[in-house]
$ cat final_28.txt   # compact mmCIF, C-alpha atoms
# COMPACT_ATOMS: atom_id res chain seq x y z
CA GLY A 4 -15.33 21.03 3.37
CA ASP A 5 -16.90 22.14 0.15
CA GLN A 6 -17.70 25.83 0.25
CA VAL A 7 -19.59 26.06 -3.04
CA GLU A 8 -22.41 23.66 -3.82
CA GLN A 9 -23.74 23.95 -7.35
CA SER A 10 -26.93 22.41 -8.63
CA PRO A 11 -28.17 20.76 -10.68
CA SER A 12 -25.19 18.85 -12.01
CA ALA A 13 -26.97 18.34 -15.32
CA LEU A 14 -29.93 20.02 -16.97
CA SER A 15 -31.77 19.43 -20.24
CA LEU A 16 -33.98 22.11 -21.75
CA HIS A 17 -35.98 22.37 -24.91
CA GLU A 18 -35.38 25.41 -27.05
CA GLY A 19 -37.42 28.36 -25.90
CA THR A 20 -37.78 27.21 -22.32
CA GLY A 21 -35.90 28.39 -19.27
CA SER A 22 -34.56 27.32 -15.93
CA ALA A 23 -32.26 28.35 -13.11
CA LEU A 24 -28.93 27.19 -11.79
CA ARG A 25 -28.03 27.71 -8.18
CA CYS A 26 -24.95 27.91 -6.02
CA ASN A 27 -25.14 27.71 -2.26
CA PHE A 28 -22.22 28.82 -0.15
CA THR A 29 -21.26 27.42 3.22
CA THR A 30 -19.60 30.68 4.20
CA THR A 31 -20.08 34.34 3.45
CA MET A 32 -18.77 35.27 0.03
CA ARG A 33 -18.07 38.83 -1.08
CA ALA A 34 -18.52 38.30 -4.81
CA VAL A 35 -19.54 35.66 -7.29
CA GLN A 36 -18.73 35.10 -10.93
CA TRP A 37 -20.49 32.86 -13.45
CA PHE A 38 -18.71 31.22 -16.36
CA ARG A 39 -19.70 29.09 -19.32
CA LYS A 40 -17.34 26.54 -20.79
CA ASN A 41 -17.94 26.59 -24.50
CA SER A 42 -17.50 23.84 -27.07
CA ARG A 43 -13.85 24.79 -27.50
CA GLY A 44 -13.24 24.36 -23.80
CA SER A 45 -12.80 28.05 -23.04
CA LEU A 46 -14.24 29.56 -19.87
CA ILE A 47 -16.28 32.60 -20.78
CA ASN A 48 -17.04 35.12 -18.05
CA LEU A 49 -20.78 35.78 -17.93
CA PHE A 50 -21.23 37.85 -14.78
CA TYR A 51 -19.41 39.40 -11.86
CA LEU A 52 -21.63 40.35 -8.92
CA ALA A 53 -20.78 41.79 -5.54
CA SER A 54 -24.50 42.08 -4.74
CA GLY A 55 -27.95 42.33 -6.31
CA THR A 56 -28.81 41.25 -9.83
CA LYS A 57 -27.45 41.70 -13.32
CA GLU A 58 -29.01 40.90 -16.63
CA ASN A 59 -27.42 40.29 -19.99
CA GLY A 60 -29.71 39.28 -22.81
CA ARG A 61 -31.42 36.04 -21.89
CA LEU A 62 -29.29 35.55 -18.81
CA LYS A 63 -29.93 37.00 -15.40
CA SER A 64 -27.92 36.45 -12.25
CA ALA A 65 -28.55 37.25 -8.62
CA PHE A 66 -26.29 37.15 -5.59
CA ASP A 67 -27.33 37.34 -1.95
CA SER A 68 -24.29 37.35 0.26
CA LYS A 69 -26.30 37.31 3.48
CA GLU A 70 -28.41 34.33 2.42
CA ARG A 71 -25.33 32.69 0.89
CA TYR A 72 -26.51 31.86 -2.59
CA SER A 73 -26.37 32.91 -6.19
CA THR A 74 -28.56 31.99 -9.13
CA LEU A 75 -28.25 32.08 -12.89
CA HIS A 76 -31.51 32.20 -14.81
CA ILE A 77 -31.67 31.29 -18.47
CA ARG A 78 -34.76 32.16 -20.46
CA ASP A 79 -35.71 31.32 -24.03
CA ALA A 80 -32.86 28.82 -24.20
CA GLN A 81 -31.10 28.41 -27.55
CA LEU A 82 -29.00 25.55 -28.86
CA GLU A 83 -25.84 27.63 -28.50
CA ASP A 84 -26.44 27.96 -24.76
CA SER A 85 -25.40 24.33 -24.32
CA GLY A 86 -22.27 23.89 -22.30
CA THR A 87 -21.04 23.62 -18.75
CA TYR A 88 -21.77 26.50 -16.42
CA PHE A 89 -19.69 27.24 -13.34
CA CYS A 90 -20.14 29.59 -10.46
CA ALA A 91 -17.08 30.80 -8.58
CA ALA A 92 -16.97 32.84 -5.42
CA ALA A 93 -14.46 34.80 -3.40
CA ALA A 94 -14.64 34.55 0.38
CA SER A 95 -15.33 37.66 2.42
CA SER A 96 -12.15 37.24 4.38
CA GLY A 97 -10.45 39.19 1.65
CA SER A 98 -9.16 36.21 -0.22
CA TRP A 99 -8.87 36.68 -3.92
CA GLN A 100 -8.92 32.93 -4.55
CA LEU A 101 -12.00 31.86 -6.44
CA ILE A 102 -13.68 28.71 -5.23
CA PHE A 103 -15.45 26.98 -8.08
CA GLY A 104 -18.64 24.99 -8.06
CA SER A 105 -18.63 21.58 -9.68
CA GLY A 106 -20.48 22.81 -12.75
CA THR A 107 -23.85 22.31 -14.44
CA GLN A 108 -23.90 20.53 -17.78
CA LEU A 109 -26.66 22.21 -19.78
CA THR A 110 -28.02 20.58 -22.90
CA VAL A 111 -30.49 22.50 -25.02
CA MET A 112 -32.51 20.30 -27.33
CA PRO A 113 -34.43 21.26 -30.47
CA ASN B 20 -7.78 42.59 -27.36
CA ALA B 21 -6.75 38.99 -27.96
CA GLY B 22 -7.69 37.84 -24.50
CA VAL B 23 -5.46 35.70 -22.33
CA ILE B 24 -3.11 33.70 -24.53
CA GLN B 25 -1.76 30.35 -23.45
CA THR B 26 0.78 28.23 -25.25
CA PRO B 27 1.03 25.47 -26.15
CA ARG B 28 -2.58 24.27 -26.45
CA HIS B 29 -1.50 20.69 -25.94
CA LYS B 30 1.66 19.26 -24.48
CA VAL B 31 2.62 15.62 -24.17
CA THR B 32 5.53 14.66 -21.97
CA GLY B 33 7.06 11.44 -20.80
CA LYS B 34 7.16 10.66 -17.12
CA GLY B 35 10.10 12.45 -15.52
CA GLN B 36 10.41 15.15 -18.16
CA GLU B 37 9.99 18.86 -17.59
CA ALA B 38 7.05 20.89 -18.89
CA THR B 39 6.88 24.67 -19.21
CA LEU B 40 3.57 26.35 -19.83
CA TRP B 41 3.26 29.95 -21.00
CA CYS B 42 0.69 32.63 -20.39
CA GLU B 43 0.27 36.13 -21.76
CA PRO B 44 -2.33 38.01 -19.70
CA ILE B 45 -4.56 40.72 -21.07
CA SER B 46 -2.60 43.94 -21.42
CA GLY B 47 -3.11 46.19 -18.44
CA HIS B 48 -4.31 43.45 -16.12
CA SER B 49 -2.38 43.45 -12.87
CA ALA B 50 -3.67 40.16 -11.46
CA VAL B 51 -2.62 36.84 -12.96
CA PHE B 52 -3.81 33.47 -11.74
CA TRP B 53 -3.01 29.85 -12.56
CA TYR B 54 -5.63 27.14 -12.08
CA ARG B 55 -5.65 23.44 -12.80
CA GLN B 56 -8.70 21.53 -13.98
CA THR B 57 -9.26 17.82 -13.72
CA ILE B 58 -12.39 15.73 -13.93
CA VAL B 59 -11.95 14.50 -10.38
CA GLN B 60 -10.96 17.72 -8.61
CA GLY B 61 -12.60 20.30 -10.84
CA LEU B 62 -10.97 23.72 -10.93
CA GLU B 63 -8.21 24.19 -8.38
CA PHE B 64 -6.30 27.35 -7.59
CA LEU B 65 -2.54 27.09 -7.96
CA THR B 66 -0.94 30.51 -7.67
CA TYR B 67 -1.49 34.25 -7.98
CA PHE B 68 0.62 37.23 -9.04
CA ARG B 69 -0.20 40.88 -8.56
CA ASN B 70 1.86 43.41 -10.48
CA GLN B 71 4.26 40.57 -11.28
CA ALA B 72 4.91 39.84 -7.61
CA PRO B 73 4.07 36.36 -6.32
CA ILE B 74 1.34 36.81 -3.73
CA ASP B 75 0.21 33.30 -2.96
CA ASP B 76 1.35 29.92 -4.19
CA SER B 77 -0.53 27.92 -1.58
CA GLY B 78 -2.19 25.79 -4.25
CA MET B 79 1.05 24.70 -5.84
CA PRO B 80 2.41 21.22 -5.19
CA LYS B 81 5.57 22.20 -3.36
CA GLU B 82 8.24 20.00 -4.75
CA ARG B 83 8.01 20.07 -8.52
CA PHE B 84 5.90 23.07 -9.45
CA SER B 85 7.09 26.64 -9.83
CA ALA B 86 5.71 29.77 -11.42
CA GLN B 87 7.33 33.02 -12.44
CA MET B 88 6.23 36.30 -13.89
CA PRO B 89 9.40 37.99 -15.17
CA ASN B 90 7.51 40.84 -16.80
CA GLN B 91 3.96 42.15 -17.06
CA SER B 92 3.36 40.45 -20.38
CA HIS B 93 3.97 36.84 -19.51
CA SER B 94 3.98 34.22 -16.82
CA THR B 95 5.28 30.67 -16.86
CA LEU B 96 4.34 27.55 -14.95
CA LYS B 97 7.09 24.96 -14.81
CA ILE B 98 6.60 21.37 -13.74
CA GLN B 99 9.73 19.35 -13.14
CA SER B 100 9.86 15.58 -13.30
CA THR B 101 6.28 15.33 -14.54
CA GLN B 102 4.13 12.50 -13.25
CA PRO B 103 0.95 10.98 -14.76
CA GLN B 104 -1.12 12.60 -12.00
CA ASP B 105 0.01 16.01 -13.29
CA SER B 106 -2.10 15.42 -16.40
CA ALA B 107 -4.73 18.16 -16.46
CA VAL B 108 -5.79 21.32 -18.21
CA TYR B 109 -3.78 24.22 -16.83
CA LEU B 110 -5.61 27.51 -17.05
CA CYS B 111 -4.19 30.99 -16.80
CA ALA B 112 -6.47 33.90 -16.01
CA SER B 113 -6.10 37.62 -15.55
CA SER B 114 -8.15 40.47 -14.21
CA LEU B 115 -7.79 44.21 -14.00
CA ASN B 116 -7.22 43.78 -10.31
CA SER B 117 -7.96 40.95 -7.94
CA ASN B 118 -11.51 42.18 -7.31
CA GLU B 119 -12.63 42.28 -10.91
CA ARG B 120 -13.98 39.91 -13.52
CA LEU B 121 -11.63 37.07 -14.29
CA PHE B 122 -10.80 36.21 -17.88
CA PHE B 123 -9.41 32.78 -18.69
CA GLY B 124 -7.18 31.59 -21.47
CA HIS B 125 -8.01 28.47 -23.50
CA GLY B 126 -5.77 26.42 -21.29
CA THR B 127 -2.92 24.03 -21.92
CA LYS B 128 -3.81 20.38 -21.86
CA LEU B 129 -0.89 18.51 -20.36
CA SER B 130 -0.70 14.77 -20.87
CA VAL B 131 2.01 12.88 -19.03
CA LEU B 132 2.52 9.41 -20.43
$ encode --input "final_28.txt" --output "structure tokens"
Amino acid sequence: GDQVEQSPSALSLHEGTGSALRCNFTTTMRAVQWFRKNSRGSLINLFYLASGTKENGRLKSAFDSKERYSTLHIRDAQLEDSGTYFCAAAASSGSWQLIFGSGTQLTVMP
Amino acid sequence: NAGVIQTPRHKVTGKGQEATLWCEPISGHSAVFWYRQTIVQGLEFLTYFRNQAPIDDSGMPKERFSAQMPNQSHSTLKIQSTQPQDSAVYLCASSLNSNERLFFGHGTKLSVL
């Protein structure tokens, strides 16, 4: 079954506002990565977390392996933040395969 | 650092033809991955190399797909007798090692007519 459940599938924000994306895992994961697919179709690595939280500018991510979830918070959204965001996780069994969420299509409106 | 380089960006083949996709990982990265992305299936793992050695190809369709990494600077994904269902964006990615951040190339969009 699906091991990574990402929500929401689509999100619209006005400039300057914020929200959070979430990935729930059906099994224990040892690390999570967040990516953004930009307008050119490239996957840009935003974060790698094995635990705790990381912050980069207006983005902040958290990962709780025990509770089996990760979040990506966006604050003060800008037009250029629009795109599709993916989480991807590696299982604790030592697998190096990343299992991707289905993505969140973010649209930032003026 | 040019990032992961994939060529060609687009490839169109006729049904039954062969397609070879190329990837140049980031210099110094020992882990190289191939993924396939479709609207229906999303991102799917295909195969993984570490220090040029094939570690796991469990995601590869067995009969027509093959991947090689003849040297540390490039990897190829070959699809023989392409079928319309092979149409997808094929993504190559590399990381310093398998437990580090993964960096993707732009992908090769394969269209099988």
$ interface_residues --input "final_28.txt" --of "chain A" --to "chain B" --cutoff "8 Å" --atoms "all atoms listed in the file" --output "list in words"
Gln36, Arg43, Gly44, Ser45, Leu46, Ile47, Asn48, Phe50, Tyr51, Trp99, Gln100, Leu101, Ile102, Phe103 and Ser105 of chain A
$ residues_near_point --input "final_28.txt" --point "(2.1, 6.0, -17.9)" --cutoff "9 Å" --atoms "all atoms listed in the file" --output "PyMOL selection string"
chain B and resi 33-34+102-103+131-132
$ axis_aligned_box --input "final_28.txt" --around "region 68-74 of chain A" --padding-each-side "6 Å" --output "AutoDock Vina command-line options"
--center_x -26.4 --center_y 34.6 --center_z -2.8 --size_x 16.3 --size_y 17.5 --size_z 24.6
$ residues_around --input "final_28.txt" --residues "Gly60 (chain A)" --least-positions-apart "5" --cutoff "12 Å" --atoms "all atoms listed in the file" --output "list in words"
Leu49, Phe50, His76, Ile77, Arg78, Asp79, Ala80, Gln81 and Asp84 of chain A
$ atom_distance --input "final_28.txt" --atom1 "CA of Ala94 (chain A)" --atom2 "CA of Gln25 (chain B)"
27.4 Å
$ atom_distance --input "final_28.txt" --atom1 "CA of Leu82 (chain A)" --atom2 "CA of Ala23 (chain A)"
16.3 Å
